[in-house]
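> Here's a structure for you.
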Amino acid sequence: MESFNSKVLLLGEYSALYNSMALVMPYDRFSGQLTFANRDTTNKFAFRSNEFLKKFSTFVANHADENFVLEVKKFEQEIENGLFFNSNIPQGYGLGSSGALVVAIFLRYLKKAKEFKDELKHLTLETAQKLKKSLGQMESFFHGTSSGLDPLSIILNKPILYKNADEILPVSIPDSNEKGNNIIFLLNTGISRQTSAMMQQFKSFCEETEFRNKIQDELVNYTNASIQSFLENNPITLYQNLENLIRFQLEEMQFFIPSSFQNVMKKGINNGDYFLKICGAGGGGFMLGFTGNWAKTSEDLKAFSPQIIYRY
């Protein structure tokens with residue numbers, strides 16, 4: 001069966017809930033696909049995944065979307081035949097493990113899937129909006145709420161720019177260059193977390209007017225400016241805007257940053273060598289970094305084994 005890549009939310013965590021832009025790109029180091037386990041298997045991972053799919057199938061059956069009709073009976077039958085999601089995407093790390101699962105199920109059981117895949121080659125805004133909503137509804141099973149951006153990026157396997165509710169489109173990012181000076185990297189905190197718990201805490205914070213206003217007036221602006229600088233391939237202004245964004249996270253969003261990594265973030269922006277921010281929901285998982293000085297950054301952060309995901 002078809003394999004689906006993980007994703008990385010480059011910019012837009014939380015601020016997108018208040019209408020900032022958001023930028024998501026696929027990441028092919030990790031992937032997952034639906035497959036079948038032998039009936040006599042002792043694979044605990046396959047068994048747990050199969051049991052989880054049973055619960056998910058009930059949710060899917062109870063949340064039908066008339067725009068994208070899924071063959072639920074076929075899904076349930078294949079679960080009985082040992083279906084599971086074979087994935088190496090780390091769970092609770094912000095790389096789209098749930099989004100990849102949603103896409104795998106969506107495309108396998110979608111009626112007229114072939115015609116739909118042809119339609120994706122000429123994606124219209126109307127279809128993108130409907131698809132984002134439908135995928136988000138499926139992914140809400142995992143997180144309580146979902147924008148649908150992660151699975152949308154995964155299904156297209158292209159960078160996606162969310163400008164606003166009326167403008168969602170594939171976008172060109174600066175060309176990859178193996179000798180480029182600018183690096184985007186992941187840093188593993190070693191801490192798994194639940195996206196739903198982080199989202200719930202953020203919603204709780206936003207009940208306070210002062211915090212909500214800061215998100216709307218400051219974080220949204222820093223995020224939009226950072227995305228614009230990145231898409232324009234302007235590293236100087238990108239790093240300036242990232243510094244503002246990261247200082248905001250350190251001052252106003254400490255709950256979403258593991259305490260053991262706050263000084264690591266501060267060191268990067270204070271010396272200007274790297275810019276480390278939360279990735280996705282935060283609270284652990286991976287953190288996302290940007291640098292124009294990889295030699296110095298990789299040495300400073302060698303204890304955490306940073307992984308390059310994009311070079312330009």
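All residue names refer to the structure tokens as shown: chains lettered A, B, ... in order, residues numbered from 1 in each chain, ligands numbered from 1 in order.
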Using only C-alpha atoms, determine which residues lie at most 10 Å from Glu51 (chain A), disregarding the query and same-chain residues fewer than 4 positions distant; provide the list as a ChimeraX atom specification.
/A:45-47,55-56,79-80,82-84
> As a VMD selection string, please: every residue in region 12-254 of chain A that DSSP puts in helix (DSSP H, G or I).
chain A and resid 15 to 18 44 to 62 72 to 80 97 to 109 113 to 120 125 to 143 149 to 156 195 to 205 209 to 231 235 to 252 254
> Can you pull out the residues contacting region 107-109 of chain A? Cut-off 10 Å, using only C-alpha atoms, and skip same-chain residues under 3 positions away; I want them as a list in words.
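Skipping anything fewer than 3 positions along the chain leaves Met1, Glu2, Leu34, Phe68, Val69, Leu70, Glu71, Val72, Lys73, Lys74, Phe75, Val102, Val103, Ala104, Lys112, Ala113, Lys114, Phe116, Lys117 and Ile155 of chain A.
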> Can you list, as a list in words, every protein, DNA or RNA residue that comes within 12 Å of Gln137 (chain A) when you count only C-alpha atoms, leaving out same-chain residues fewer than 4 positions away?
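Within the cut-off, the hits are Phe59, Val60, Asn62, His63, Ala64, Asp65, Phe68, Gly99, Val102, Val103, Phe106, Lys130, Leu131, Lys132, Lys133, Phe141, Phe142, His143, Gly144, Thr145, Ser146, Ser147, Gly148, Leu149, Pro151 and Leu152 of chain A.
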> List the spatial neighbours of region 26-31 of chain A as number ranges by chain - criterion: any atom at most 6 Å away, only C-alpha atoms, same-chain residues fewer than 2 positions off excluded.
A: 4-7, 87-89, 157
> Which residues of region 88-166 of chain A come within 12 Å of region 224-234 of chain A, and what is each one's closest atom pair and distance in Å (one decimal), counting only C-alpha atoms, sorted by chain and residue number, as a Markdown table?

| residue | atom | partner | partner_atom | distance |
| --- | --- | --- | --- | --- |
| A:Pro159 | CA | A:Leu231 | CA | 11.0 |
| A:Ile160 | CA | A:Leu231 | CA | 11.6 |
| A:Leu161 | CA | A:Ile227 | CA | 9.1 |
| A:Tyr162 | CA | A:Ile227 | CA | 10.5 |
| A:Lys163 | CA | A:Asn224 | CA | 9.0 |
| A:Asn164 | CA | A:Asn224 | CA | 11.2 |
> Could you please take those selected residues and save N, CA and C atoms as a JSON list (two decimals), in the first residue's frame?

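For reference, part23.json as written:
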[["chain", "number", "residue", "atom", "x", "y", "z"],
["A", 159, "PRO", "N", 5.03, 21.66, 0.10],
["A", 159, "PRO", "CA", 4.88, 22.74, 1.08],
["A", 159, "PRO", "C", 3.54, 23.45, 0.88],
["A", 160, "ILE", "N", 2.89, 23.74, 2.00],
["A", 160, "ILE", "CA", 1.58, 24.38, 1.96],
["A", 160, "ILE", "C", 1.65, 25.70, 2.74],
["A", 161, "LEU", "N", 1.15, 26.76, 2.12],
["A", 161, "LEU", "CA", 1.04, 28.04, 2.80],
["A", 161, "LEU", "C", -0.43, 28.30, 3.09],
["A", 162, "TYR", "N", -0.72, 28.47, 4.38],
["A", 162, "TYR", "CA", -2.06, 28.86, 4.80],
["A", 162, "TYR", "C", -2.02, 30.37, 5.04],
["A", 163, "LYS", "N", -2.61, 31.12, 4.11],
["A", 163, "LYS", "CA", -2.62, 32.58, 4.26],
["A", 163, "LYS", "C", -3.76, 33.03, 5.15],
["A", 164, "ASN", "N", -4.92, 32.44, 4.91],
["A", 164, "ASN", "CA", -6.11, 32.71, 5.71],
["A", 164, "ASN", "C", -7.14, 31.67, 5.32]]
> Counting only C-alpha atoms, which of A:Asp166, A:Glu178, A:Glu119, A:Glu139 gets nearest to Ile308 (chain A)?
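Among A:Asp166, A:Glu178, A:Glu119, A:Glu139, it is A:Glu178 that comes nearest to Ile308 (chain A).
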> Just the residues within 9 Å of region 265-269 of chain A, please, counting only C-alpha atoms, with nothing from its chain fewer than 3 positions along; format it as a PyMOL selection string.
chain A and resi 242-243+246-247+250+261-262+272-277+297
> What separation in Å, quoted to one decimal, exists between CA of Ile236 (chain A) and CA of Asn263 (chain A)?
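Atom-to-atom, CA of Ile236 (chain A) to CA of Asn263 (chain A), that is 23.3 Å.
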> Which of these residues is nearest to Val171 (chain A), using only C-alpha atoms: A:Lys158, A:Lys296, A:Lys111, A:Lys54?
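The shortest atom-to-atom distance to Val171 (chain A) comes from A:Lys158.
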> Which distance in Å separates CA of Gly96 (chain A) and CA of Ser57 (chain A), to one decimal?
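Taking CA of Gly96 (chain A) as the start and CA of Ser57 (chain A) as the end point, the length is 19.2 Å.
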> Taking into account only C-alpha atoms, which residue in the set A:Leu53, A:Ile309, A:Ile278, A:Ala22 is nearest to Ile183 (chain A)?
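Distance minimum relative to Ile183 (chain A) lands on A:Ile309.
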> Enter the distance from CA of Gln200 (chain A) to CA of Leu219 (chain A), in Å, rounded to one decimal.
18.6 Å
